[in-house]
Amino acid sequence: MLKNLFRWWGQGDRASTARDSLAGLSLACMNIPQVLGYARIAGMPAVTGLYTVLLPLVAFAGVGSSRHLVVAADSATAAIFSSALARMAPPGSAHYMALVSMVALLSAGFLLAARLFRLGFLADFLSRTVLVGFMAGVGLQVGIAMTYDMLGLQATAHNPFLQFVELLKALPHLAPLSAAISLVMCLFLYAGEKFAPHKPLALVLVAGSIFASWAMGLEARGVALVGPLSGGLPSLHFPRVGWNDMLSLLPVATSCVFVIIAQSAATSRTYAYKFQEDVDANRDILGLSAANAMAALSGTFTVNGSPTQTAMAVQAGARSQKAQLVFACVTLVVLLFLTGPLHYLPRCVLGAIVFSVAMGMIDLRALWRIRQESPGEFGLALITATTVVGVGVEQGILVAIALSLFRHVRHSYEPHTMVLQEDAQTKLLEASPVKAGVETEPGLIVYRFCADLFYANCNRFADDIRFLIKTAPTPVRCIVVDASAITDIDYSAASLLRTVLQELQAKSVLIAFGRVNPFLRADMDRHRISAVLGESNIYAQLHTAVAAARSHARCEKA
């Protein structure tokens with residue numbers, strides 16, 4: 001770990017070190033207010049948000065491979081465990097804090113297991129479509145929760161939908177001054193995002209609101225404050241949680257791990273591609289495991305590779321983990337000397353900052369592009385977002401995974417199937433959909449099946465063959481299967497395929513396979529398809545299979 005830290009710090013010249021140092025300072029200015037807000041989402045004391053950007057951040061820099069990924073508190077994972085743990089203990093209580101730290105420790109263990117078994121590929125099971133919907137749902141959920149702080153209200157419900165209904169009923173009892181301050185903060189943050197996106201406006205607003213709260217006595221005027229923060233370094237200890245509680249935390253930690261792997265891998269890959277760098281997904285998983293272990297031992301909550309904070313770091317000029325190490329150093333200074341003033345920070349200001357972050361998670365442009373290009377996938381994104389808001393974040397991530405897999409299986413279950421016909425101008429074989437009366441030429445059908453053959457779609461293959469023979473305008477003498485898209489045949493599909501071959505042979509219809517790759521050929525041999533089909537009817541090229549079929553058809557006519 002130390003070797004990796006020295007490697008980061010020793011890379012580059014003075015100019016790059018200065019650039020990364022300034023980027024780290026800027027990153028701290030923009031993100032320290034955000035991590036305080038993330039602690040609010042997590043139901044933890046505000047100071048624990050600072051702990052997430054101290055030891056966990058250094059741990060990832062010492063173990064991970066990504067030059068750009070910022071590992072810290074994240075709204076998505078905070079929302080996942082807070083919504084589940086709020087039912088087990090009062091937020092902010094000693095028991096609740098122990099449960100939160102144990103979720104981080106369990107997440108570290110699961111991530112370590114994922115690294116040992118090289119499970120970095122699990123990130124691919126969350127499609128971009130449902131991930132956009134999931135993040136939109138999390139943004140809405142967090143936005144609803146933060147509206148209570150912005151208006152000076154207290155939430156009693158845990159379900160986001162019930163919170164929204166309760167919020168509408170409680171509007172007549174809002175605190176006018178808190179609501180006015182929140183509105184001004186949101187307007188400033190929106191204007192800053194539009195006109196000064198790289199400036200630490202959030203830090204300026206936090207500092208200004210702290211001074212105004214102290215000077216004007218806002219607490220006496222009905223504005224709720226963050227309250228006293230314990231300064232100094234976090235105490236390292238093992239979270240004490242009972243066995244039954246630990247078992248109850250396993251699904252929560254599992255959901256967090258899926259989000260951590262998916263978001264972190266997607267973010268690190270994005271910036272590695274942008275800067276033409278290599279990234280080791282499995283090594284990053286090990287770094288995330290180390291970061292969450294340090295989070296658990298230092299009494300804070302689950303950390304994640306944050307897309308928003310990574311984007312901020314890159315925009316500020318960061319090109320290596322040096323910037324993140326500077327960020328950790330600034331956090332250390334704040335913990336040692338500057339926690340006192342944070343006592344006067346109004347909760348409505350913190351709520352407004354987190355609300356703005358939450359609204360930024362709703363990528364309307366991406367949703368609109370998905371709707372334009374693929375209405376079906378847009379529906380999946382909306383279902384995911386609705387599940388997060390109506391049921392919960394934990395269930396939402398499971399629905400997101402299920403929908404991603406369902407989309408893939410559905411494409412394989414209903415693959416494109418076509419008949420190749422000769423184009424009148426080019427004289428080349430062109431694909432057209434399977435329908436009644438379609439043939440390649442009299443007596444010959446060249447059929448293309450665009451997926452692997454397995455138990456769920458093999459009936460489609462058999463039904464198409466039978467349908468094309470039955471509806472052909474002339475008696476079918478030969479069928480050539482273009483197998484270019486088939487690389488695998490399972491046991492059920494092989495059994496049905498042998499039955500179809502025997503049916504065709506009984507009808508004196510020759511069937512041949514063209515473009516047979518080595519993987520398909522191995523499956524055909526293993527499942528005895530080659531023996532039923534005949535070695536002479538298996539071809540590596542399509543044109544040789546078609547030529548042999550035409551020759552057979554001419555012989556049959558003669």
# chains A, B, ... in the order shown; residues from 1 in each chain; ligands from 1
$ residues_around --residues "range 243-257 of chain A" --least-positions-apart "5" --cutoff "9 Å" --atoms "only C-alpha atoms" --output "VMD selection string"
chain A and resid 76 to 78 80 to 81 84 to 85 88 99 102 to 108 110 to 111 262 302 304 393 to 395 397 to 398
$ closest_atom_pairs --of "range 204-254 of chain A" --to "range 130-150 of chain A" --cutoff "12 Å" --atoms "only C-alpha atoms" --output "CSV"
residue,atom,partner,partner_atom,distance
A:Val223,CA,A:Asp149,CA,9.9
A:Ala224,CA,A:Asp149,CA,8.5
A:Leu225,CA,A:Asp149,CA,10.1
A:Val226,CA,A:Asp149,CA,10.7
$ write_last_selection --atoms "N, CA and C atoms" --output "mmCIF file, in the first residue's frame"
data_model
loop_
_atom_site.group_PDB
_atom_site.id
_atom_site.type_symbol
_atom_site.label_atom_id
_atom_site.label_comp_id
_atom_site.auth_asym_id
_atom_site.auth_seq_id
_atom_site.Cartn_x
_atom_site.Cartn_y
_atom_site.Cartn_z
ATOM 1 N N VAL A 223 -34.512 28.171 12.989
ATOM 2 C CA VAL A 223 -33.749 27.436 11.964
ATOM 3 C C VAL A 223 -32.926 26.345 12.648
ATOM 4 N N ALA A 224 -33.171 25.103 12.291
ATOM 5 C CA ALA A 224 -32.448 23.980 12.892
ATOM 6 C C ALA A 224 -31.005 23.960 12.405
ATOM 7 N N LEU A 225 -30.060 23.675 13.328
ATOM 8 C CA LEU A 225 -28.638 23.639 13.007
ATOM 9 C C LEU A 225 -28.114 22.205 13.038
ATOM 10 N N VAL A 226 -26.939 22.014 12.453
ATOM 11 C CA VAL A 226 -26.293 20.702 12.474
ATOM 12 C C VAL A 226 -25.976 20.299 13.899
#
$ atom_distance --atom1 "CA of Met361 in chain A" --atom2 "CA of Gly376 in chain A"
21.8 Å
$ select_by_dssp --residues "range 416-547 of chain A" --states "strand (DSSP E)" --output "PyMOL selection string"
chain A and resi 417-422+429-433+444-449+478-482+510-514
$ select_by_dssp --residues "range 232-348 of chain A" --states "helix (DSSP H, G or I)" --output "VMD selection string"
chain A and resid 243 to 274 281 to 297 307 to 315 322 to 337 339 to 342 347 to 348
$ residues_around --residues "range 16-20 of chain A" --least-positions-apart "5" --cutoff "12 Å" --atoms "only C-alpha atoms" --output "JSON, numbers by chain"
{"A": [8, 9, 10, 11, 25, 26, 27, 67, 68, 313, 314, 315, 316, 317, 318, 319, 320, 321, 322, 323, 324, 325, 326, 327]}
$ closest_residue --among "A:Ala293, A:Leu444, A:Leu187, A:Leu229" --to "Thr48 in chain A" --atoms "only C-alpha atoms"
A:Leu229
$ closest_residue --among "A:Ala483, A:Leu112, A:Val330, A:Ala472" --to "Ala290 in chain A" --atoms "only C-alpha atoms"
A:Leu112
$ residues_around --residues "range 337-344 of chain A" --least-positions-apart "3" --cutoff "7 Å" --atoms "only C-alpha atoms" --output "ChimeraX atom specification"
/A:210,213-214,225-229,231,333-334
$ write_last_selection --atoms "N, CA and C atoms" --output "compact mmCIF listing (two decimals), in the first residue's frame"
# COMPACT_ATOMS: atom_id res chain seq x y z
N ILE A 210 -22.77 29.69 7.77
CA ILE A 210 -22.26 29.51 9.14
C ILE A 210 -22.07 30.86 9.82
N SER A 213 -25.48 32.41 10.47
CA SER A 213 -26.16 31.72 11.57
C SER A 213 -25.61 32.16 12.92
N TRP A 214 -24.30 32.31 13.00
CA TRP A 214 -23.66 32.75 14.25
C TRP A 214 -23.97 34.21 14.56
N LEU A 225 -30.06 23.67 13.33
CA LEU A 225 -28.64 23.64 13.01
C LEU A 225 -28.11 22.20 13.04
N VAL A 226 -26.94 22.01 12.45
CA VAL A 226 -26.29 20.70 12.47
C VAL A 226 -25.98 20.30 13.90
N GLY A 227 -25.55 21.24 14.72
CA GLY A 227 -25.24 20.95 16.12
C GLY A 227 -23.76 20.65 16.32
N PRO A 228 -23.39 20.34 17.54
CA PRO A 228 -21.97 20.12 17.86
C PRO A 228 -21.38 18.95 17.09
N LEU A 229 -20.15 19.12 16.61
CA LEU A 229 -19.40 18.07 15.93
C LEU A 229 -18.17 17.73 16.74
N GLY A 231 -14.53 16.90 17.08
CA GLY A 231 -13.35 17.06 16.23
C GLY A 231 -12.34 15.96 16.45
N VAL A 333 -7.06 18.57 8.20
CA VAL A 333 -6.97 19.91 8.80
C VAL A 333 -8.34 20.35 9.33
N VAL A 334 -9.38 20.10 8.54
CA VAL A 334 -10.73 20.46 8.97
C VAL A 334 -11.11 19.73 10.25
$ residues_around --residues "range 51-60 of chain A" --least-positions-apart "2" --cutoff "6 Å" --atoms "only C-alpha atoms" --output "PyMOL selection string"
chain A and resi 48-49+62-64+71-73+287+290-291+294-295+328
$ residues_around --residues "range 417-427 of chain A" --least-positions-apart "6" --cutoff "10 Å" --atoms "only C-alpha atoms" --output "short mmCIF file (atom, residue, chain, number, x, y, z; two decimals) with C-alpha atoms, in the first residue's frame"
data_model
loop_
_atom_site.label_atom_id
_atom_site.label_comp_id
_atom_site.auth_asym_id
_atom_site.auth_seq_id
_atom_site.Cartn_x
_atom_site.Cartn_y
_atom_site.Cartn_z
CA PRO A 433 -37.73 -11.42 -42.28
CA VAL A 434 -39.25 -14.87 -42.03
CA LYS A 435 -42.82 -14.87 -43.39
CA VAL A 438 -40.48 -16.67 -48.59
CA GLU A 439 -37.74 -18.75 -50.23
CA THR A 440 -34.22 -18.12 -51.49
CA GLU A 441 -34.98 -19.70 -54.84
CA ILE A 445 -34.20 -21.87 -48.42
CA VAL A 446 -31.17 -20.23 -46.76
CA TYR A 447 -32.20 -19.58 -43.15
CA ARG A 448 -30.33 -17.43 -40.61
CA PHE A 449 -30.84 -17.77 -36.83
CA CYS A 450 -29.26 -14.83 -34.99
CA ALA A 451 -28.58 -16.24 -31.51
CA ARG A 460 -38.47 -20.86 -32.47
CA PHE A 461 -35.81 -22.49 -34.67
CA ASP A 464 -39.49 -21.46 -38.39
CA LEU A 468 -41.04 -22.13 -44.16
CA VAL A 480 -29.09 -24.21 -45.58
CA VAL A 481 -28.73 -22.82 -42.07
CA ASP A 482 -26.48 -19.75 -41.84
#
$ atom_distance --atom1 "CA of Phe406 in chain A" --atom2 "CA of Glu373 in chain A"
19.0 Å
$ residues_around --residues "range 527-544 of chain A" --least-positions-apart "4" --cutoff "8 Å" --atoms "only C-alpha atoms" --output "PyMOL selection string"
chain A and resi 482+491+494-495+497-498+501-502+511-517+523+548
$ closest_residue --among "A:Arg554, A:Arg269, A:Arg221, A:Arg407" --to "Gly152 in chain A" --atoms "only C-alpha atoms"
A:Arg221
$ atom_distance --atom1 "CA of Glu166 in chain A" --atom2 "CA of Pro346 in chain A"
22.8 Å
$ closest_residue --among "A:Leu382, A:Leu332, A:Ala94, A:Val349" --to "Gly232 in chain A" --atoms "only C-alpha atoms"
A:Leu332
$ closest_residue --among "A:Ala46, A:Leu189, A:Ala436, A:Leu286" --to "Arg347 in chain A" --atoms "only C-alpha atoms"
A:Ala46
$ closest_residue --among "A:Thr129, A:Asn159, A:Ser65, A:Ser75" --to "Leu367 in chain A" --atoms "only C-alpha atoms"
A:Thr129
